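**Q** Mind looking over this structure? Questions follow.
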Amino acid sequence: MKQRRKREPMGRDALIGMAADLFRAKGFDGTTLDQISKKTGVSRFKLYAWFGSKEGILKAAFNATWARINEQLIAKLRAEMDFRQALEVLLFVIQDFAERRDPIAAMFLEFSRREGVDGHLQPEVLRFNRIIEDAIRRAVERGEIHPIKPALLRSILFAVGEGLLYQVYLAENRAGVEAGFELGEI
(Lines give C-alpha, C1' and ligand atoms only; values in the text may rest on other atoms or scores of the structure.)
Protein backbone atom coordinates (compact mmCIF):
# COMPACT_ATOMS: atom_id res chain seq x y z
CA MET A 1 0.00 0.00 0.00
CA LYS A 2 1.33 3.41 -0.96
CA GLN A 3 1.87 5.70 2.00
CA ARG A 4 0.72 9.29 1.73
CA ARG A 5 3.31 11.87 2.58
CA LYS A 6 2.02 14.34 5.05
CA ARG A 7 2.55 17.94 4.01
CA GLU A 8 4.47 20.22 6.30
CA PRO A 9 2.22 22.85 7.85
CA MET A 10 2.09 25.96 5.68
CA GLY A 11 3.24 29.15 7.36
CA ARG A 12 1.16 32.28 6.96
CA ASP A 13 3.90 34.14 5.06
CA ALA A 14 4.39 31.26 2.63
CA LEU A 15 0.64 30.99 2.07
CA ILE A 16 0.35 34.73 1.41
CA GLY A 17 3.27 34.53 -1.01
CA MET A 18 1.73 31.65 -2.93
CA ALA A 19 -1.64 33.40 -3.08
CA ALA A 20 0.07 36.60 -4.29
CA ASP A 21 1.69 34.57 -7.08
CA LEU A 22 -1.78 33.46 -8.18
CA PHE A 23 -3.10 37.04 -8.01
CA ARG A 24 -0.15 38.20 -10.12
CA ALA A 25 -0.70 35.48 -12.71
CA LYS A 26 -4.49 35.45 -12.92
CA GLY A 27 -5.59 38.77 -11.43
CA PHE A 28 -7.81 39.17 -8.42
CA ASP A 29 -11.08 38.31 -10.19
CA GLY A 30 -9.46 35.40 -12.05
CA THR A 31 -8.22 33.76 -8.85
CA THR A 32 -10.56 31.61 -6.79
CA LEU A 33 -10.34 30.41 -3.22
CA ASP A 34 -10.35 26.87 -4.60
CA GLN A 35 -7.20 27.65 -6.61
CA ILE A 36 -5.53 29.18 -3.55
CA SER A 37 -6.56 26.17 -1.47
CA LYS A 38 -5.22 23.73 -4.07
CA LYS A 39 -1.91 25.57 -4.52
CA THR A 40 -1.26 26.01 -0.81
CA GLY A 41 -2.74 22.77 0.49
CA VAL A 42 -4.78 24.74 3.02
CA SER A 43 -8.50 23.99 3.15
CA ARG A 44 -11.06 26.60 2.17
CA PHE A 45 -12.38 26.37 5.72
CA LYS A 46 -8.98 27.36 7.14
CA LEU A 47 -8.56 30.11 4.54
CA TYR A 48 -11.91 31.58 5.62
CA ALA A 49 -10.99 31.21 9.28
CA TRP A 50 -7.61 32.92 8.82
CA PHE A 51 -8.50 35.65 6.30
CA GLY A 52 -12.29 35.90 6.14
CA SER A 53 -12.38 36.07 2.33
CA LYS A 54 -10.34 36.15 -0.84
CA GLU A 55 -10.09 39.91 -0.37
CA GLY A 56 -8.67 39.30 3.10
CA ILE A 57 -5.87 37.25 1.51
CA LEU A 58 -5.23 40.05 -0.99
CA LYS A 59 -5.08 42.59 1.83
CA ALA A 60 -2.60 40.38 3.66
CA ALA A 61 -0.49 40.18 0.48
CA PHE A 62 -0.53 43.96 0.15
CA ASN A 63 0.29 44.41 3.80
CA ALA A 64 3.32 42.14 3.24
CA THR A 65 4.29 44.26 0.19
CA TRP A 66 3.96 47.46 2.24
CA ALA A 67 6.13 45.82 4.90
CA ARG A 68 8.89 45.21 2.31
CA ILE A 69 8.61 48.81 1.07
CA ASN A 70 8.79 50.07 4.66
CA GLU A 71 11.83 47.93 5.43
CA GLN A 72 13.57 49.28 2.34
CA LEU A 73 12.73 52.85 3.42
CA ILE A 74 13.93 52.28 6.98
CA ALA A 75 17.16 50.73 5.71
CA LYS A 76 17.90 53.73 3.49
CA LEU A 77 16.61 56.66 5.56
CA ARG A 78 18.91 58.15 8.15
CA ALA A 79 17.97 60.73 10.78
CA GLU A 80 20.85 62.98 9.73
CA MET A 81 19.66 63.18 6.09
CA ASP A 82 18.38 66.53 4.97
CA PHE A 83 14.86 66.69 3.54
CA ARG A 84 16.00 66.58 -0.08
CA GLN A 85 17.97 63.39 0.59
CA ALA A 86 15.03 61.84 2.44
CA LEU A 87 12.71 62.78 -0.43
CA GLU A 88 15.12 61.23 -2.93
CA VAL A 89 15.16 58.00 -0.89
CA LEU A 90 11.36 57.93 -0.76
CA LEU A 91 11.04 58.49 -4.50
CA PHE A 92 13.76 55.93 -5.24
CA VAL A 93 11.99 53.25 -3.19
CA ILE A 94 8.65 53.99 -4.87
CA GLN A 95 10.24 54.12 -8.32
CA ASP A 96 12.04 50.84 -7.65
CA PHE A 97 8.72 49.18 -6.80
CA ALA A 98 6.97 50.74 -9.80
CA GLU A 99 9.66 49.81 -12.30
CA ARG A 100 9.56 46.13 -11.42
CA ARG A 101 6.56 46.05 -13.74
CA ASP A 102 4.98 43.53 -11.43
CA PRO A 103 1.39 42.83 -12.51
CA ILE A 104 0.37 43.14 -8.86
CA ALA A 105 1.21 46.87 -9.08
CA ALA A 106 -2.08 47.49 -10.91
CA MET A 107 -4.00 45.76 -8.12
CA PHE A 108 -1.86 47.67 -5.64
CA LEU A 109 -3.36 50.92 -6.92
CA GLU A 110 -6.88 49.63 -6.50
CA PHE A 111 -6.68 47.70 -3.23
CA SER A 112 -3.55 48.42 -1.21
CA ARG A 113 -4.86 51.24 0.98
CA ARG A 114 -8.37 49.85 1.26
CA GLU A 115 -9.73 49.98 4.76
CA GLY A 116 -9.95 46.83 6.77
CA VAL A 117 -13.26 45.52 7.98
CA ASP A 118 -12.79 47.55 11.14
CA GLY A 119 -12.63 50.80 9.14
CA HIS A 120 -8.89 51.33 9.63
CA LEU A 121 -6.13 51.47 7.06
CA GLN A 122 -3.91 48.44 6.74
CA PRO A 123 -1.17 48.37 9.42
CA GLU A 124 1.78 48.68 7.04
CA VAL A 125 0.16 51.65 5.27
CA LEU A 126 -0.05 53.36 8.66
CA ARG A 127 3.57 52.46 9.32
CA PHE A 128 4.57 53.96 5.93
CA ASN A 129 2.71 57.14 6.88
CA ARG A 130 4.60 57.36 10.20
CA ILE A 131 7.98 56.89 8.48
CA ILE A 132 7.23 59.73 6.06
CA GLU A 133 5.78 62.01 8.75
CA ASP A 134 8.87 61.48 10.93
CA ALA A 135 11.13 62.58 8.05
CA ILE A 136 8.93 65.65 7.52
CA ARG A 137 8.98 66.56 11.23
CA ARG A 138 12.79 66.32 11.31
CA ALA A 139 13.02 68.61 8.28
CA VAL A 140 10.70 71.18 9.90
CA GLU A 141 12.64 71.03 13.20
CA ARG A 142 15.91 71.63 11.36
CA GLY A 143 14.40 74.52 9.40
CA GLU A 144 14.87 72.79 6.02
CA ILE A 145 11.26 73.31 5.05
CA HIS A 146 8.62 75.74 6.18
CA PRO A 147 6.37 74.51 8.96
CA ILE A 148 3.67 72.36 7.44
CA LYS A 149 1.34 69.76 8.81
CA PRO A 150 3.17 66.46 8.24
CA ALA A 151 -0.08 64.72 7.23
CA LEU A 152 -0.61 67.26 4.43
CA LEU A 153 2.84 66.86 2.91
CA ARG A 154 2.72 63.09 3.43
CA SER A 155 -0.54 62.96 1.50
CA ILE A 156 1.04 64.91 -1.34
CA LEU A 157 4.04 62.58 -1.40
CA PHE A 158 1.74 59.57 -1.28
CA ALA A 159 -0.13 60.93 -4.30
CA VAL A 160 3.16 61.38 -6.17
CA GLY A 161 4.02 57.75 -5.45
CA GLU A 162 0.65 56.55 -6.66
CA GLY A 163 1.08 58.72 -9.75
CA LEU A 164 4.39 57.01 -10.52
CA LEU A 165 2.79 53.59 -10.13
CA TYR A 166 -0.15 54.62 -12.29
CA GLN A 167 2.17 55.92 -15.03
CA VAL A 168 3.96 52.57 -15.18
CA TYR A 169 0.62 50.75 -15.19
CA LEU A 170 -0.67 52.89 -18.07
CA ALA A 171 2.50 52.33 -20.08
CA GLU A 172 2.08 48.59 -19.63
CA ASN A 173 -1.57 48.61 -20.64
CA ARG A 174 -2.08 51.47 -23.12
CA ALA A 175 -0.27 52.05 -26.37
CA GLY A 176 1.55 55.36 -26.73
CA VAL A 177 2.06 56.03 -23.02
CA GLU A 178 5.67 56.35 -21.90
CA ALA A 179 6.72 54.79 -18.62
CA GLY A 180 10.39 55.56 -18.53
CA PHE A 181 11.53 58.24 -16.14
CA GLU A 182 14.66 58.95 -14.22
CA LEU A 183 14.65 60.00 -10.57
CA GLY A 184 16.29 63.29 -11.57
CA GLU A 185 13.30 64.06 -13.80
CA ILE A 186 10.86 63.88 -10.92
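If you're wondering about the labels, chains in the C-alpha coordinates are A, B, ... by order shown, residues count from 1 in each chain, ligands from 1 in order shown.
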Please identify all polymer residues within 12 Å of Leu152 in chain A, counting only C-alpha atoms, omitting same-chain residues fewer than 6 positions from it, and present them as a list of chain:residue names.
**A**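 Everything that qualifies: A:Asn129, A:Ile132, A:Glu133, A:Ile136, A:Arg137, A:Phe158, A:Ala159.
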**Q** Which polymer residues have any atom within 10 Å of an atom of range 33-48 of chain A, counting only C-alpha atoms, with same-chain residues fewer than 5 positions away left out, as a VMD selection string?
**A** chain A and resid 7 to 11 14 to 23 53 to 57
**Q** Just all heavy atoms for this one: save the residues we selected as a short mmCIF file (atom, residue, chain, number, x, y, z; two decimals), in the first residue's frame.
**A**
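The file below, part.cif, is the result:
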data_model
loop_
_atom_site.label_atom_id
_atom_site.label_comp_id
_atom_site.auth_asym_id
_atom_site.auth_seq_id
_atom_site.Cartn_x
_atom_site.Cartn_y
_atom_site.Cartn_z
N ARG A 7 1.98 16.63 4.31
CA ARG A 7 2.55 17.94 4.01
C ARG A 7 2.96 18.64 5.29
O ARG A 7 2.28 18.53 6.30
CB ARG A 7 1.51 18.84 3.33
CG ARG A 7 1.48 18.70 1.86
CD ARG A 7 0.62 19.80 1.31
NE ARG A 7 0.86 19.90 -0.12
CZ ARG A 7 0.26 20.73 -0.90
NH1 ARG A 7 -0.62 21.57 -0.42
NH2 ARG A 7 0.52 20.75 -2.18
N GLU A 8 4.06 19.38 5.19
CA GLU A 8 4.47 20.22 6.30
C GLU A 8 3.44 21.33 6.46
O GLU A 8 2.88 21.81 5.47
CB GLU A 8 5.84 20.83 6.03
CG GLU A 8 6.97 19.81 6.04
CD GLU A 8 7.20 19.22 7.41
OE1 GLU A 8 7.17 19.97 8.41
OE2 GLU A 8 7.39 18.00 7.48
N PRO A 9 3.18 21.76 7.68
CA PRO A 9 2.22 22.85 7.85
C PRO A 9 2.71 24.12 7.13
O PRO A 9 3.89 24.44 7.16
CB PRO A 9 2.20 23.09 9.36
CG PRO A 9 2.96 21.98 9.98
CD PRO A 9 3.74 21.29 8.92
N MET A 10 1.79 24.75 6.45
CA MET A 10 2.09 25.96 5.68
C MET A 10 2.10 27.15 6.62
O MET A 10 1.16 27.37 7.36
CB MET A 10 1.03 26.15 4.60
CG MET A 10 1.04 27.49 3.92
SD MET A 10 1.89 27.63 2.36
CE MET A 10 1.86 26.07 1.63
N GLY A 11 3.17 27.92 6.59
CA GLY A 11 3.24 29.15 7.36
C GLY A 11 2.42 30.24 6.69
O GLY A 11 2.21 30.22 5.48
N ALA A 14 4.29 32.08 3.84
CA ALA A 14 4.39 31.26 2.63
C ALA A 14 3.05 31.20 1.90
O ALA A 14 2.99 31.30 0.67
CB ALA A 14 4.89 29.86 2.97
N LEU A 15 1.97 31.03 2.66
CA LEU A 15 0.64 30.99 2.07
C LEU A 15 0.33 32.31 1.36
O LEU A 15 -0.15 32.30 0.22
CB LEU A 15 -0.41 30.72 3.15
CG LEU A 15 -1.84 30.56 2.65
CD1 LEU A 15 -2.58 29.60 3.55
CD2 LEU A 15 -2.58 31.86 2.57
N ILE A 16 0.61 33.42 2.01
CA ILE A 16 0.35 34.73 1.41
C ILE A 16 1.17 34.89 0.13
O ILE A 16 0.67 35.37 -0.88
CB ILE A 16 0.64 35.86 2.42
CG1 ILE A 16 -0.41 35.84 3.54
CG2 ILE A 16 0.66 37.23 1.74
CD1 ILE A 16 -0.06 36.71 4.73
N GLY A 17 2.42 34.45 0.18
CA GLY A 17 3.27 34.53 -1.01
C GLY A 17 2.74 33.71 -2.16
O GLY A 17 2.73 34.17 -3.31
N MET A 18 2.28 32.51 -1.88
CA MET A 18 1.73 31.65 -2.93
C MET A 18 0.43 32.23 -3.49
O MET A 18 0.19 32.19 -4.70
CB MET A 18 1.52 30.24 -2.40
CG MET A 18 2.83 29.53 -2.08
SD MET A 18 2.56 27.94 -1.28
CE MET A 18 2.44 26.89 -2.70
N ALA A 19 -0.40 32.77 -2.62
CA ALA A 19 -1.64 33.40 -3.08
C ALA A 19 -1.32 34.63 -3.93
O ALA A 19 -1.95 34.86 -4.97
CB ALA A 19 -2.52 33.78 -1.90
N ALA A 20 -0.33 35.42 -3.51
CA ALA A 20 0.07 36.60 -4.29
C ALA A 20 0.55 36.20 -5.67
O ALA A 20 0.27 36.89 -6.66
CB ALA A 20 1.14 37.39 -3.54
N ASP A 21 1.26 35.06 -5.77
CA ASP A 21 1.69 34.57 -7.08
C ASP A 21 0.48 34.30 -7.98
O ASP A 21 0.49 34.62 -9.18
CB ASP A 21 2.52 33.29 -6.94
CG ASP A 21 3.89 33.54 -6.35
OD1 ASP A 21 4.35 34.71 -6.34
OD2 ASP A 21 4.51 32.56 -5.88
N LEU A 22 -0.56 33.71 -7.40
CA LEU A 22 -1.78 33.46 -8.18
C LEU A 22 -2.43 34.78 -8.60
O LEU A 22 -2.87 34.93 -9.75
CB LEU A 22 -2.78 32.62 -7.38
CG LEU A 22 -2.50 31.13 -7.31
CD1 LEU A 22 -3.45 30.45 -6.32
CD2 LEU A 22 -2.66 30.49 -8.69
N PHE A 23 -2.51 35.74 -7.68
CA PHE A 23 -3.10 37.04 -8.01
C PHE A 23 -2.31 37.71 -9.14
O PHE A 23 -2.89 38.31 -10.05
CB PHE A 23 -3.15 37.97 -6.80
CG PHE A 23 -4.12 37.54 -5.73
CD1 PHE A 23 -3.77 37.64 -4.39
CD2 PHE A 23 -5.38 37.07 -6.04
CE1 PHE A 23 -4.66 37.27 -3.39
CE2 PHE A 23 -6.28 36.70 -5.06
CZ PHE A 23 -5.92 36.79 -3.72
N SER A 53 -11.95 36.03 3.73
CA SER A 53 -12.38 36.07 2.33
C SER A 53 -11.16 36.10 1.43
O SER A 53 -10.02 36.25 1.89
CB SER A 53 -13.23 37.32 2.07
OG SER A 53 -12.42 38.48 2.22
N LYS A 54 -11.42 36.00 0.13
CA LYS A 54 -10.34 36.15 -0.84
C LYS A 54 -9.74 37.54 -0.74
O LYS A 54 -8.52 37.73 -0.82
CB LYS A 54 -10.88 35.87 -2.25
CG LYS A 54 -9.84 36.00 -3.34
CD LYS A 54 -10.36 35.59 -4.70
CE LYS A 54 -11.26 36.65 -5.27
NZ LYS A 54 -11.56 36.42 -6.72
N GLU A 55 -10.59 38.55 -0.53
CA GLU A 55 -10.09 39.91 -0.37
C GLU A 55 -9.20 40.03 0.86
O GLU A 55 -8.21 40.77 0.86
CB GLU A 55 -11.24 40.91 -0.30
CG GLU A 55 -10.73 42.34 -0.31
CD GLU A 55 -11.85 43.36 -0.43
OE1 GLU A 55 -12.66 43.26 -1.35
OE2 GLU A 55 -11.87 44.27 0.42
N GLY A 56 -9.51 39.29 1.91
CA GLY A 56 -8.67 39.30 3.10
C GLY A 56 -7.27 38.77 2.80
O GLY A 56 -6.27 39.28 3.34
N ILE A 57 -7.18 37.77 1.92
CA ILE A 57 -5.87 37.25 1.51
C ILE A 57 -5.13 38.31 0.70
O ILE A 57 -3.93 38.53 0.89
CB ILE A 57 -6.01 35.94 0.71
CG1 ILE A 57 -6.67 34.87 1.57
CG2 ILE A 57 -4.65 35.47 0.19
CD1 ILE A 57 -7.09 33.62 0.80
#
**Q** Give the answer as one residue: which of A:Asp134, A:Gly27, A:Gly161, A:Thr32 has the shortest atom-to-atom distance to Leu90 in chain A, using only C-alpha atoms?
**A**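 When distances to Leu90 in chain A are compared using only C-alpha atoms, the smallest one comes from A:Gly161.
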**Q** Could you tell me which of A:Leu58, A:Leu91, A:Ala135, A:Ala49 comes closest to Arg78 in chain A if we count only C-alpha atoms?
**A** A:Ala135
